[in-house]
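**Student:** This is protein_5.cif (mmCIF, C-alpha atoms).
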```cif
data_start
#
loop_
_atom_site.label_atom_id
_atom_site.label_comp_id
_atom_site.auth_asym_id
_atom_site.auth_seq_id
_atom_site.Cartn_x
_atom_site.Cartn_y
_atom_site.Cartn_z
CA MET A 146 -142.08 -77.15 -33.95
CA ALA A 147 -140.48 -75.78 -30.77
CA ASN A 148 -140.12 -72.33 -32.37
CA THR A 149 -143.78 -72.39 -33.37
CA ASN A 150 -144.85 -73.19 -29.80
CA GLN A 151 -142.58 -70.43 -28.44
CA THR A 152 -144.06 -67.92 -30.88
CA LYS A 153 -147.58 -69.00 -29.99
CA GLY A 154 -146.81 -68.70 -26.28
CA LEU A 155 -145.31 -65.23 -26.73
CA TRP A 156 -148.36 -64.07 -28.68
CA GLN A 157 -150.69 -65.43 -26.01
CA LYS A 158 -148.79 -63.54 -23.29
CA THR A 159 -148.76 -60.35 -25.39
CA ARG A 160 -152.45 -60.72 -26.16
CA LYS A 161 -153.26 -61.23 -22.48
CA PHE A 162 -151.34 -58.07 -21.56
CA PHE A 163 -153.24 -55.96 -24.09
CA ASN A 164 -156.47 -57.64 -23.04
CA ASP A 165 -155.85 -56.58 -19.41
CA VAL A 166 -155.05 -53.01 -20.48
CA HIS A 167 -158.21 -52.97 -22.61
CA LEU A 168 -160.29 -54.31 -19.73
CA TRP A 169 -159.14 -51.85 -17.08
CA ALA A 170 -159.17 -48.86 -19.42
CA GLY A 171 -162.79 -49.71 -20.20
CA LEU A 172 -163.85 -50.37 -16.61
CA ILE A 173 -162.30 -47.13 -15.30
CA SER A 174 -163.70 -44.88 -18.02
CA GLY A 175 -166.85 -46.81 -18.94
CA LEU A 176 -169.50 -44.75 -17.16
CA VAL A 177 -168.11 -41.40 -18.31
CA ILE A 178 -167.61 -42.67 -21.87
CA LEU A 179 -171.23 -43.87 -21.91
CA VAL A 180 -172.39 -40.32 -21.11
CA VAL A 181 -169.89 -38.64 -23.44
CA CYS A 182 -170.71 -40.89 -26.40
CA LEU A 183 -174.47 -40.70 -25.89
CA THR A 184 -174.40 -36.88 -25.83
CA GLY A 185 -171.91 -36.92 -28.70
CA THR A 186 -174.33 -39.01 -30.77
CA ILE A 187 -177.00 -36.36 -30.31
CA TYR A 188 -174.57 -33.49 -30.86
CA VAL A 189 -173.49 -34.78 -34.27
CA TYR A 190 -176.67 -33.17 -35.61
CA ASN A 191 -176.48 -30.13 -33.35
CA THR A 192 -176.98 -27.64 -36.19
CA GLU A 193 -179.89 -29.52 -37.72
CA ILE A 194 -181.65 -29.99 -34.35
CA ARG A 195 -181.28 -26.32 -33.45
CA GLU A 196 -182.67 -25.28 -36.84
CA MET A 197 -185.64 -27.63 -36.44
CA GLY A 198 -186.38 -26.01 -33.09
CA ALA A 199 -186.44 -22.54 -34.66
CA SER A 200 -187.45 -23.24 -38.25
CA HIS A 201 -188.98 -19.76 -38.64
CA LEU A 202 -185.47 -18.31 -38.40
CA TYR A 203 -183.78 -20.56 -40.94
CA LYS A 204 -186.26 -20.96 -43.78
CA VAL A 205 -188.19 -18.44 -45.87
CA GLU A 206 -190.71 -18.74 -48.68
CA VAL A 207 -189.33 -17.93 -52.12
CA PRO A 208 -191.73 -15.54 -53.94
CA GLN A 209 -192.02 -15.69 -57.70
CA ASP A 210 -190.39 -13.01 -59.84
CA THR A 211 -188.76 -11.36 -56.81
CA ARG A 212 -185.07 -10.75 -56.47
CA LYS A 213 -183.14 -10.75 -53.23
CA LEU A 214 -182.34 -7.47 -51.56
CA SER A 215 -178.71 -6.45 -51.64
CA PRO A 216 -176.66 -7.39 -48.54
CA ASP A 217 -175.90 -3.70 -47.98
CA LYS A 218 -179.64 -2.93 -47.84
CA VAL A 219 -180.18 -5.74 -45.34
CA ILE A 220 -177.36 -4.42 -43.17
CA GLU A 221 -178.98 -0.97 -43.17
CA LEU A 222 -182.25 -2.54 -42.00
CA VAL A 223 -180.46 -4.23 -39.10
CA LYS A 224 -178.65 -1.00 -38.20
CA ALA A 225 -182.04 0.61 -37.76
CA GLU A 226 -182.87 -2.04 -35.12
CA THR A 227 -179.67 -2.02 -33.07
CA ASP A 228 -176.81 0.23 -32.07
CA ALA A 229 -174.44 -2.72 -31.83
CA PRO A 230 -171.57 -2.82 -34.35
CA ILE A 231 -172.18 -5.01 -37.42
CA THR A 232 -169.34 -7.52 -37.62
CA GLY A 233 -170.38 -9.60 -40.62
CA ILE A 234 -173.04 -11.15 -42.79
CA SER A 235 -173.62 -14.72 -43.98
CA ILE A 236 -175.07 -15.31 -47.44
CA GLU A 237 -176.09 -18.84 -48.40
CA LYS A 238 -176.50 -20.32 -51.84
CA SER A 239 -179.97 -21.73 -51.15
CA ALA A 240 -182.81 -19.44 -52.23
CA SER A 241 -184.88 -20.37 -49.14
CA ARG A 242 -182.27 -19.39 -46.59
CA PRO A 243 -182.22 -16.00 -44.83
CA PHE A 244 -179.37 -13.55 -44.55
CA GLN A 245 -177.66 -13.74 -41.17
CA VAL A 246 -176.27 -10.45 -39.91
CA ASN A 247 -173.85 -10.67 -36.99
CA THR A 248 -173.61 -7.95 -34.36
CA ARG A 249 -171.43 -7.45 -31.29
CA PRO A 250 -173.46 -5.80 -28.49
CA GLU A 251 -171.39 -4.12 -25.82
CA GLY A 252 -171.32 -6.22 -22.66
CA GLY A 253 -172.98 -9.22 -24.35
CA ASN A 254 -172.68 -12.66 -22.74
CA SER A 255 -172.19 -14.65 -25.94
CA ARG A 256 -168.72 -14.77 -27.44
CA PHE A 257 -170.40 -15.13 -30.85
CA GLY A 258 -172.46 -11.96 -30.48
CA VAL A 259 -176.09 -11.72 -31.59
CA THR A 260 -177.24 -12.79 -35.06
CA TYR A 261 -180.21 -11.20 -36.83
CA PHE A 262 -182.07 -13.40 -39.31
CA VAL A 263 -183.48 -11.36 -42.21
CA ASN A 264 -185.81 -12.38 -45.03
CA PRO A 265 -183.74 -11.63 -48.15
CA TYR A 266 -186.84 -10.83 -50.25
CA THR A 267 -188.91 -8.64 -47.94
CA GLY A 268 -186.33 -7.33 -45.49
CA GLN A 269 -188.38 -8.59 -42.54
CA ILE A 270 -186.33 -9.36 -39.45
CA LEU A 271 -187.37 -12.92 -38.57
CA GLY A 272 -185.77 -12.96 -35.14
CA LYS A 273 -182.50 -13.05 -33.21
CA SER A 274 -180.21 -15.79 -32.02
CA ASP A 275 -180.57 -14.78 -28.36
CA GLU A 276 -184.32 -15.37 -28.24
CA PRO A 277 -185.47 -18.05 -25.73
CA ASN A 278 -185.53 -21.46 -27.37
CA GLN A 279 -186.14 -24.73 -25.52
CA VAL A 280 -184.40 -26.81 -28.18
CA ALA A 281 -181.32 -24.59 -28.10
CA GLU A 282 -181.34 -24.76 -24.31
CA PHE A 283 -181.54 -28.57 -24.45
CA MET A 284 -178.61 -28.73 -26.87
CA GLY A 285 -176.69 -26.41 -24.56
CA TYR A 286 -177.18 -28.92 -21.75
CA MET A 287 -176.07 -31.74 -24.08
CA PHE A 288 -172.88 -29.81 -24.85
CA SER A 289 -172.26 -29.11 -21.16
CA LEU A 290 -172.80 -32.78 -20.30
CA HIS A 291 -170.49 -33.84 -23.12
CA ARG A 292 -167.66 -31.44 -22.24
CA TRP A 293 -167.93 -30.88 -18.50
CA LEU A 294 -170.46 -33.46 -17.15
CA LEU A 295 -172.67 -30.49 -16.16
CA LEU A 296 -170.11 -29.50 -13.50
CA ASP A 297 -170.03 -25.99 -14.99
CA LYS A 298 -173.59 -25.56 -13.68
CA ILE A 299 -172.29 -25.81 -10.08
CA GLU A 300 -171.02 -22.47 -8.83
CA GLU A 301 -168.99 -23.50 -5.77
CA PRO A 302 -165.70 -25.31 -6.63
CA LEU A 303 -165.79 -28.98 -5.62
CA ILE A 304 -162.01 -29.36 -5.29
CA GLY A 305 -160.05 -26.47 -3.80
CA GLU A 306 -159.96 -23.47 -6.10
CA LEU A 307 -160.13 -25.54 -9.28
CA PRO A 308 -163.04 -24.29 -11.42
CA ASN A 309 -165.71 -26.94 -11.87
CA ARG A 310 -165.65 -26.48 -15.64
CA THR A 311 -161.92 -27.28 -15.63
CA LEU A 312 -162.52 -30.28 -13.36
CA GLY A 313 -165.20 -31.63 -15.68
CA SER A 314 -162.93 -31.08 -18.67
CA TYR A 315 -160.11 -32.99 -16.95
CA ILE A 316 -162.41 -35.94 -16.19
CA THR A 317 -163.82 -36.23 -19.72
CA GLY A 318 -160.38 -35.66 -21.24
CA ALA A 319 -158.72 -38.36 -19.12
CA CYS A 320 -161.51 -40.84 -19.83
CA THR A 321 -161.27 -40.08 -23.55
CA ILE A 322 -157.56 -40.88 -23.46
CA LEU A 323 -158.41 -44.21 -21.80
CA PHE A 324 -161.05 -44.74 -24.50
CA THR A 325 -158.41 -44.20 -27.21
CA ILE A 326 -156.13 -46.72 -25.47
CA GLY A 327 -159.08 -49.11 -25.43
CA VAL A 328 -159.60 -48.60 -29.16
CA ILE A 329 -155.95 -49.35 -29.95
CA THR A 330 -155.69 -52.40 -27.67
CA GLY A 331 -159.09 -53.61 -28.86
CA MET A 332 -157.83 -53.65 -32.43
CA ILE A 333 -154.85 -55.77 -31.34
CA ILE A 334 -156.84 -58.37 -29.39
CA TRP A 335 -159.50 -58.48 -32.12
CA PHE A 336 -157.21 -60.76 -34.13
CA PRO A 337 -157.87 -64.37 -33.06
CA GLN A 338 -155.14 -66.67 -31.83
CA ARG A 339 -155.45 -68.54 -35.11
CA ILE A 340 -155.09 -66.01 -37.91
CA LYS A 341 -156.96 -68.27 -40.33
CA ASN A 342 -160.11 -67.65 -38.26
CA TRP A 343 -160.01 -63.86 -38.67
CA ARG A 344 -163.21 -63.86 -40.73
CA GLN A 345 -165.16 -64.86 -37.62
CA GLY A 346 -164.63 -61.36 -36.27
CA LEU A 347 -166.47 -59.78 -39.20
CA LYS A 348 -169.98 -60.97 -38.43
CA VAL A 349 -172.43 -61.14 -35.54
CA LYS A 350 -173.89 -64.57 -34.81
CA PHE A 351 -177.52 -64.42 -33.75
CA GLY A 352 -179.67 -67.33 -32.68
CA LYS A 353 -177.19 -68.91 -30.27
CA SER A 354 -176.71 -67.79 -26.68
CA TRP A 355 -177.17 -64.10 -25.80
CA LYS A 356 -173.62 -64.15 -24.40
CA ARG A 357 -172.23 -65.05 -27.81
CA THR A 358 -174.34 -62.38 -29.52
CA ASN A 359 -173.22 -59.75 -26.98
CA HIS A 360 -169.58 -60.73 -27.50
CA ASP A 361 -169.92 -60.44 -31.29
CA LEU A 362 -171.72 -57.09 -31.03
CA HIS A 363 -168.82 -55.70 -29.00
CA ASN A 364 -166.06 -57.08 -31.22
CA THR A 365 -167.58 -56.77 -34.67
CA LEU A 366 -169.29 -53.39 -34.42
CA ALA A 367 -166.17 -51.87 -32.86
CA PHE A 368 -164.08 -53.26 -35.71
CA TYR A 369 -166.24 -51.67 -38.40
CA SER A 370 -166.18 -48.28 -36.69
CA ILE A 371 -162.57 -48.43 -35.45
CA ILE A 372 -161.18 -45.62 -37.63
CA ILE A 373 -163.88 -43.11 -36.69
CA LEU A 374 -163.66 -44.13 -33.02
CA PHE A 375 -159.92 -43.46 -33.13
CA PHE A 376 -160.41 -40.00 -34.69
CA MET A 377 -163.05 -39.11 -32.10
CA GLY A 378 -160.88 -40.35 -29.25
CA VAL A 379 -157.56 -38.85 -30.30
CA THR A 380 -159.06 -35.38 -30.95
CA GLY A 381 -161.28 -35.23 -27.85
CA PRO A 382 -158.64 -34.23 -25.22
CA PHE A 383 -157.54 -31.38 -27.53
CA TRP A 384 -159.91 -29.08 -25.60
CA SER A 385 -159.19 -30.56 -22.14
CA PHE A 386 -155.42 -30.35 -21.70
CA PRO A 387 -153.07 -27.63 -22.99
CA TRP A 388 -150.18 -30.11 -22.94
CA TYR A 389 -152.17 -32.52 -25.12
CA ARG A 390 -153.09 -29.79 -27.58
CA GLU A 391 -149.46 -28.69 -27.78
CA ALA A 392 -148.24 -32.28 -28.25
CA LEU A 393 -150.77 -32.94 -31.01
CA GLN A 394 -149.84 -29.74 -32.83
CA LYS A 395 -146.13 -30.48 -32.50
CA SER A 396 -146.64 -34.00 -33.84
CA LEU A 397 -148.36 -32.43 -36.88
CA GLY A 398 -145.66 -29.80 -37.22
CA THR A 399 -148.10 -26.88 -36.83
CA TYR A 400 -147.38 -25.72 -33.29
CA GLN A 401 -146.89 -21.98 -32.76
CA GLU A 402 -146.04 -20.18 -29.53
CA ARG A 403 -148.97 -18.27 -28.14
CA PRO A 404 -148.34 -14.49 -28.15
CA ALA A 405 -148.06 -12.57 -24.91
CA PRO A 406 -151.33 -10.97 -23.72
CA ASN A 407 -150.00 -7.44 -24.23
CA ALA A 408 -148.23 -8.15 -27.48
CA GLU A 409 -147.97 -5.28 -29.87
CA ARG A 410 -149.94 -5.12 -33.07
CA GLY A 411 -148.62 -7.61 -35.54
CA GLN A 412 -147.71 -10.12 -32.82
CA GLY A 413 -151.08 -10.81 -31.15
CA ARG A 414 -154.20 -12.49 -32.55
CA GLU A 415 -155.26 -9.37 -34.36
CA GLY A 416 -151.82 -9.18 -35.87
CA GLN A 417 -152.02 -12.82 -36.96
CA LYS A 418 -155.26 -12.11 -38.78
CA ARG A 419 -153.93 -8.98 -40.39
CA GLY A 420 -150.21 -9.68 -40.61
CA VAL A 421 -150.13 -9.47 -44.39
CA ASP A 422 -152.36 -6.44 -44.76
CA ASP A 423 -150.17 -4.38 -42.38
CA GLU A 424 -147.63 -4.28 -45.19
CA LYS A 425 -150.29 -3.24 -47.70
CA GLN A 426 -152.33 -0.83 -45.59
CA GLY A 427 -150.09 0.22 -42.73
CA ASP A 428 -148.80 3.32 -44.56
CA LEU A 429 -152.13 4.61 -45.91
CA THR A 430 -152.56 8.37 -45.99
CA GLN A 431 -155.57 10.04 -44.36
CA GLU A 432 -157.17 10.51 -47.78
CA GLU A 433 -156.77 6.83 -48.59
CA VAL A 434 -158.19 5.77 -45.24
CA ASN A 435 -161.36 7.73 -45.89
CA VAL A 436 -162.00 6.13 -49.29
CA PRO A 437 -165.66 4.90 -49.28
CA ILE A 438 -166.03 1.13 -48.77
CA HIS A 439 -167.33 -0.81 -51.78
CA SER A 440 -170.57 -2.76 -51.75
CA ILE A 441 -170.51 -6.29 -50.40
CA MET A 442 -171.39 -7.70 -53.81
CA ASP A 443 -168.27 -6.00 -55.22
CA TYR A 444 -166.16 -7.89 -52.71
CA ILE A 445 -167.98 -11.15 -53.45
CA ALA A 446 -167.40 -10.65 -57.19
CA VAL A 447 -163.65 -10.49 -56.57
CA VAL A 448 -163.82 -13.64 -54.44
CA ASP A 449 -165.81 -15.47 -57.14
CA HIS A 450 -163.13 -14.57 -59.66
CA HIS A 451 -160.54 -16.42 -57.56
CA LEU A 452 -162.82 -19.17 -56.19
CA GLN A 453 -164.85 -20.31 -59.15
CA TYR A 454 -167.46 -22.54 -57.57
CA GLU A 455 -170.89 -22.01 -56.05
CA GLY A 456 -171.04 -21.86 -52.29
CA ASN A 457 -171.91 -20.01 -49.10
CA TYR A 458 -170.24 -16.79 -48.02
CA ARG A 459 -169.28 -15.37 -44.66
CA VAL A 460 -168.21 -11.72 -44.95
CA ASN A 461 -166.34 -10.24 -41.96
CA LEU A 462 -166.68 -6.47 -42.21
CA PRO A 463 -163.93 -3.99 -41.31
CA GLN A 464 -164.46 -2.27 -37.96
CA LYS A 465 -162.50 0.84 -38.77
CA ALA A 466 -161.13 2.61 -41.81
CA GLY A 467 -158.18 0.83 -43.36
CA ASP A 468 -159.11 -2.63 -42.03
CA PRO A 469 -159.30 -5.41 -44.63
CA VAL A 470 -162.40 -7.38 -45.60
CA ASN A 471 -162.16 -11.08 -44.76
CA ILE A 472 -164.41 -13.35 -46.83
CA GLN A 473 -164.79 -17.09 -46.33
CA LYS A 474 -166.39 -19.27 -48.98
CA GLY A 475 -167.48 -22.87 -48.49
CA ARG A 476 -168.79 -25.56 -50.78
CA THR A 477 -172.28 -27.02 -50.44
CA GLY A 478 -173.73 -30.48 -50.97
CA PHE A 479 -173.96 -33.89 -49.31
CA PHE A 480 -170.18 -34.48 -49.52
CA ALA A 481 -169.17 -30.84 -49.03
CA PRO A 482 -166.12 -30.46 -46.76
CA SER A 483 -166.50 -28.29 -43.68
CA ALA A 484 -163.26 -26.45 -44.37
CA GLY A 485 -163.70 -23.39 -46.54
CA ASP A 486 -161.41 -21.06 -48.46
CA LYS A 487 -160.54 -17.52 -47.42
CA VAL A 488 -159.75 -14.36 -49.32
CA VAL A 489 -158.62 -11.14 -47.62
CA LEU A 490 -159.23 -7.95 -49.62
CA ASN A 491 -158.10 -4.35 -49.32
CA SER A 492 -161.34 -2.61 -48.35
CA ALA A 493 -160.43 0.49 -50.36
CA ASN A 494 -159.19 -0.81 -53.72
CA LEU A 495 -160.40 -4.47 -53.79
CA GLU A 496 -156.84 -5.74 -54.07
CA VAL A 497 -156.27 -9.31 -52.87
CA ILE A 498 -154.05 -9.24 -49.79
CA GLU A 499 -154.18 -12.92 -48.93
CA LYS A 500 -155.67 -16.03 -50.50
CA ASP A 501 -155.94 -19.14 -48.36
CA ILE A 502 -157.09 -22.20 -50.32
CA PHE A 503 -157.64 -25.23 -48.08
CA ARG A 504 -156.84 -27.80 -50.77
CA ASP A 505 -153.50 -26.14 -51.49
CA LYS A 506 -152.28 -26.47 -47.91
CA PRO A 507 -149.83 -29.23 -46.93
CA PHE A 508 -151.45 -32.36 -45.56
CA ASN A 509 -150.35 -31.75 -41.96
CA GLU A 510 -151.83 -28.23 -41.98
CA ARG A 511 -155.11 -29.52 -43.39
CA VAL A 512 -155.32 -32.11 -40.63
CA SER A 513 -154.40 -29.58 -37.94
CA SER A 514 -157.04 -27.09 -39.09
CA SER A 515 -159.63 -29.90 -39.23
CA ILE A 516 -159.30 -31.11 -35.62
CA LYS A 517 -162.75 -29.85 -34.70
CA ALA A 518 -164.34 -31.26 -37.86
CA LEU A 519 -162.64 -34.63 -37.27
CA HIS A 520 -164.10 -34.71 -33.78
CA LEU A 521 -167.61 -33.50 -34.61
CA GLY A 522 -167.96 -35.48 -37.84
CA ASP A 523 -168.74 -32.77 -40.38
CA VAL A 524 -165.37 -33.06 -42.10
CA TYR A 525 -167.18 -34.15 -45.30
CA GLY A 526 -170.64 -32.73 -44.75
CA GLN A 527 -173.73 -34.88 -44.28
CA PHE A 528 -171.94 -37.99 -45.56
CA SER A 529 -169.38 -38.05 -42.74
CA LYS A 530 -172.01 -36.89 -40.23
CA LEU A 531 -174.05 -40.01 -40.92
CA LEU A 532 -170.99 -42.23 -40.46
CA TYR A 533 -170.09 -40.49 -37.20
CA PHE A 534 -173.66 -40.78 -35.93
CA ILE A 535 -173.59 -44.56 -36.45
CA ALA A 536 -170.09 -44.84 -34.97
CA CYS A 537 -171.16 -42.79 -31.91
CA LEU A 538 -174.11 -45.12 -31.35
CA ILE A 539 -171.72 -48.07 -31.46
CA ALA A 540 -169.32 -46.29 -29.08
CA THR A 541 -172.22 -45.72 -26.66
CA SER A 542 -172.93 -49.46 -26.62
CA LEU A 543 -169.31 -50.55 -26.06
CA PRO A 544 -169.15 -49.86 -22.29
CA VAL A 545 -172.38 -51.87 -21.85
CA THR A 546 -171.44 -54.87 -23.98
CA GLY A 547 -167.87 -54.82 -22.66
CA THR A 548 -169.02 -54.85 -19.02
CA LEU A 549 -171.37 -57.76 -19.75
CA ILE A 550 -168.47 -59.72 -21.29
CA TRP A 551 -166.37 -59.09 -18.17
CA ILE A 552 -169.21 -60.14 -15.82
CA ASN A 553 -169.75 -63.36 -17.79
CA LYS A 554 -166.04 -64.21 -17.58
CA MET A 555 -166.04 -63.55 -13.84
CA LYS A 556 -168.95 -65.95 -13.42
CA LYS A 557 -167.05 -68.66 -15.30
CA LYS A 558 -164.07 -68.32 -12.97
CA LYS A 559 -166.19 -68.75 -9.83
CA PRO A 560 -166.57 -72.42 -8.78
CA ASN A 561 -170.11 -73.76 -8.51
CA PRO A 562 -170.70 -74.72 -4.80
CA ARG A 563 -173.65 -76.95 -5.72
CA ARG A 564 -171.45 -79.01 -8.05
CA LYS A 565 -168.86 -79.38 -5.26
CA VAL A 566 -171.48 -80.65 -2.82
CA GLN A 567 -172.82 -83.15 -5.35
CA THR A 568 -169.32 -84.48 -6.03
CA SER A 569 -168.60 -84.82 -2.32
CA ASP A 570 -171.89 -86.63 -1.72
CA THR A 571 -171.18 -89.06 -4.56
CA LYS A 572 -167.78 -89.95 -3.17
CA THR A 573 -169.15 -90.54 0.31
CA HIS A 574 -171.87 -92.80 -1.05
CA SER A 575 -169.35 -94.88 -3.00
CA GLU A 576 -167.16 -95.19 0.04
CA VAL A 577 -170.14 -96.52 2.02
CA LEU A 578 -170.84 -99.06 -0.72
CA ASN A 579 -167.27 -100.25 -0.52
#
```
What is this structure when it is put down as structure tokens?

**Tutor:**
Amino acid sequence: MANTNQTKGLWQKTRKFFNDVHLWAGLISGLVILVVCLTGTIYVYNTEIREMGASHLYKVEVPQDTRKLSPDKVIELVKAETDAPITGISIEKSASRPFQVNTRPEGGNSRFGVTYFVNPYTGQILGKSDEPNQVAEFMGYMFSLHRWLLLDKIEEPLIGELPNRTLGSYITGACTILFTIGVITGMIIWFPQRIKNWRQGLKVKFGKSWKRTNHDLHNTLAFYSIIILFFMGVTGPFWSFPWYREALQKSLGTYQERPAPNAERGQGREGQKRGVDDEKQGDLTQEEVNVPIHSIMDYIAVVDHHLQYEGNYRVNLPQKAGDPVNIQKGRTGFFAPSAGDKVVLNSANLEVIEKDIFRDKPFNERVSSSIKALHLGDVYGQFSKLLYFIACLIATSLPVTGTLIWINKMKKKKPNPRRKVQTSDTKTHSEVLN
């Protein structure tokens, strides 16, 4: 009996400690987390919202008895419109989707370049990605608010020489770490003092006091979304702190030293992309370098031979003779994973230089390469997006319901002065009677 009481007392002290950590982590980060989660809820469907705002770019009518133009023909049409180098083309499985031709204008502001949207049946250029678009501008503000709290819009540094974008990233990153601590401690204190009553934490009780309903909304909804909340929280600071990114990669066993800025070919980023093909194509003769490049459909046919499923293609074109052709292929559908497969081909003879199949990678490498998808929610297509959207809505409500719980507890601790006065008056009256 004594041991039972000691165990119960120890658990109560431990639970109180985690409860205090949970409380202060929430109070310190609550306002920022409210903003981050609200914008994150909207940003889950970033792609869909942007496409709705420019539907003329992303959907075409499918004429009867008309075949699609070849990708090479579409590229020639875009070349007639711009002098910018063509870096790639995206070809989607859906018949109503346009070809997207990527260009890299010299001195362009966007790190993604400019994309031309082309009707695959008529060759009409539907528009470009850099055209003014209010919806795209709104989503840009949502992203800025989510990542940097709009501090990147302020030119003058607010603290010393620290760039405002970096400052905003530090604030959101630190608050996200506190949010993750809140998620972990919340899971611990979710368990009631009496384990046999754990089922009470699985449902929301309506119809009683609003305080009870608010308490259940905080506890129960957080419990059902706890796994997704943890993934969102633990991946968020990945883009805020280099030390956090390095620690996460080391914990997954995928960390690699960043190459020096002036690293020679084969050691820098370009070398990482082409490390294998250097062995295959590094010793090409001048005659071999000038071999005409095959058609894009020839390259896709080779990829289809190795990746035998229907999907979308992203073809990265060689920028100079001897460069390989990098083709990414992704699955489509409601449960389609965001991670695709990659095949690197010799641009001259169609030989496979490298084949990177996502499913064949070790588990830790799959997780490491899916950090962004685990944070954004598209790790398993529309299915996981829907789950993340609901979880983000719940996360947005947690700072509100949690603060209300804290305020209600503070009110309970405060003595009621009116009750004190009444008690004092009663005693005085009884004394007079005596």

**Student:** Taking only C-alpha atoms into account, which of A:Thr548, A:Val166, A:Leu347, A:Lys204 comes nearest Asn364 in chain A?

**Tutor:** A:Leu347

**Student:** Evaluate the PyMOL selection byres ((chain A and resi 328) around 12) against this structure - the residues, as number ranges by chain, please.

**Tutor:** A: 163-164, 166-168, 170-171, 321-327, 329-335, 363-364, 367-379, 540, 543-544

**Student:** Report as number ranges by chain all protein, DNA and RNA residues lying within 7 Å of range 523-528 of chain A, evaluated on all atoms listed in the file, omitting residues in the same chain fewer than 2 positions from it.

**Tutor:** A: 479-483, 518-519, 521, 530-532

**Student:** Under the rule that only C-alpha atoms are counted, which of A:Ile441, A:Leu214, A:Val219, A:Leu295 is the nearest residue to Ala240 in chain A?

**Tutor:**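 Comparing A:Ile441, A:Leu214, A:Val219, A:Leu295 against Ala240 in chain A, the winner is A:Leu214.
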
**Student:** Mind checking which residues fall within 8 Å of Val488 in chain A, counting only C-alpha atoms, ignoring those fewer than 6 positions away in the same chain, and posting them as a list in words?

**Tutor:**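 Selected residues are Val448, Asn471, Ile472, Gln473, Val497, Ile498, Glu499, Lys500 and Asp501 of chain A.
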
**Student:** Name all residues at most 10 Å from Glu510 in chain A (count only C-alpha atoms; drop same-chain ones fewer than 6 positions away) and give them as a list in words.

**Tutor:**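 Returned residues: Gln394, Leu397, Gly398, Thr399 and Phe503 of chain A.
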
**Student:** Could you give me, as JSON lines, every range 180-252 of chain A residue with an atom at most 12 Å from range 305-318 of chain A, plus its closest atom pair and distance in Å to one decimal, counting only C-alpha atoms, rows ordered by chain then number?

**Tutor:**
```
{"residue": "A:Val180", "atom": "CA", "partner": "A:Thr317", "partner_atom": "CA", "distance": 9.6}
{"residue": "A:Val181", "atom": "CA", "partner": "A:Thr317", "partner_atom": "CA", "distance": 7.5}
{"residue": "A:Cys182", "atom": "CA", "partner": "A:Thr317", "partner_atom": "CA", "distance": 10.7}
```

**Student:** Just the number, please: distance in Å from CA of Arg249 in chain A to CA of Glu221 in chain A, one decimal.

**Tutor:**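 The value is 15.5 Å.
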
**Student:** Mind pulling up the distance from CA of Leu549 in chain A to CA of Lys161 in chain A?

**Tutor:**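 These atoms are spaced 18.6 Å apart.
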
**Student:** Using Å and a single decimal, report how far CA of Tyr266 in chain A sits from CA of Pro208 in chain A.

**Tutor:**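 It comes out at 7.7 Å.
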
**Student:** Since I can't run it myself right now, could you work out what the PyMOL selection byres ((chain A and resi 283-292) around 12) selects here and report it as an NGL selection string?

**Tutor:** :A and (177-198 or 277-282 or 293-299 or 309-321 or 381-385 or 521)

**Student:** With only C-alpha atoms as the atoms that count, which of A:Lys224, A:Lys213, A:Lys353, A:Lys238 lies nearest to Asn264 in chain A?

**Tutor:**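 Answer, going by the shortest atom-to-atom distance: A:Lys213.
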
**Student:** Here is a test: counting only C-alpha atoms, which residue of A:Ala484, A:Ile231, A:Ile236, A:Ile220 is nearest to Val512 in chain A?

**Tutor:** A:Ala484

**Student:** Convert the output of the PyMOL selection byres ((chain A and resi 252-262) around 8) on the shown file into explicit residues, formatted as a JSON list (two decimals) with C-alpha atoms, keeping the file's coordinate frame.

**Tutor:**
```json
[["chain", "number", "residue", "atom", "x", "y", "z"],
["A", 202, "LEU", "CA", -185.47, -18.31, -38.40],
["A", 203, "TYR", "CA", -183.78, -20.56, -40.94],
["A", 223, "VAL", "CA", -180.46, -4.23, -39.10],
["A", 243, "PRO", "CA", -182.22, -16.00, -44.83],
["A", 244, "PHE", "CA", -179.37, -13.55, -44.55],
["A", 245, "GLN", "CA", -177.66, -13.74, -41.17],
["A", 246, "VAL", "CA", -176.27, -10.45, -39.91],
["A", 247, "ASN", "CA", -173.85, -10.67, -36.99],
["A", 248, "THR", "CA", -173.61, -7.95, -34.36],
["A", 249, "ARG", "CA", -171.43, -7.45, -31.29],
["A", 250, "PRO", "CA", -173.46, -5.80, -28.49],
["A", 251, "GLU", "CA", -171.39, -4.12, -25.82],
["A", 263, "VAL", "CA", -183.48, -11.36, -42.21],
["A", 264, "ASN", "CA", -185.81, -12.38, -45.03],
["A", 270, "ILE", "CA", -186.33, -9.36, -39.45],
["A", 271, "LEU", "CA", -187.37, -12.92, -38.57],
["A", 272, "GLY", "CA", -185.77, -12.96, -35.14],
["A", 273, "LYS", "CA", -182.50, -13.05, -33.21],
["A", 274, "SER", "CA", -180.21, -15.79, -32.02],
["A", 275, "ASP", "CA", -180.57, -14.78, -28.36]]
```

**Student:** Just checking: using all atoms listed in the file, which residue out of A:Lys465, A:Arg242, A:His451, A:Lys158 ends up closest to Val489 in chain A?

**Tutor:** A:His451

**Student:** Under the rule that all atoms listed in the file are counted, which of A:Val545, A:Leu538, A:Leu362, A:Ala446 is the nearest residue to Val349 in chain A?

**Tutor:** A:Leu362

**Student:** Excluding same-chain residues fewer than 5 positions from Glu391 in chain A, what lies within 9 Å of it counting all atoms listed in the file, as a short mmCIF file (atom, residue, chain, number, x, y, z; two decimals) with C-alpha atoms, in the frame of the given file?

**Tutor:**
```cif
data_model
loop_
_atom_site.label_atom_id
_atom_site.label_comp_id
_atom_site.auth_asym_id
_atom_site.auth_seq_id
_atom_site.Cartn_x
_atom_site.Cartn_y
_atom_site.Cartn_z
CA PHE A 383 -157.54 -31.38 -27.53
CA PHE A 386 -155.42 -30.35 -21.70
CA SER A 396 -146.64 -34.00 -33.84
CA TYR A 400 -147.38 -25.72 -33.29
CA GLN A 401 -146.89 -21.98 -32.76
#
```
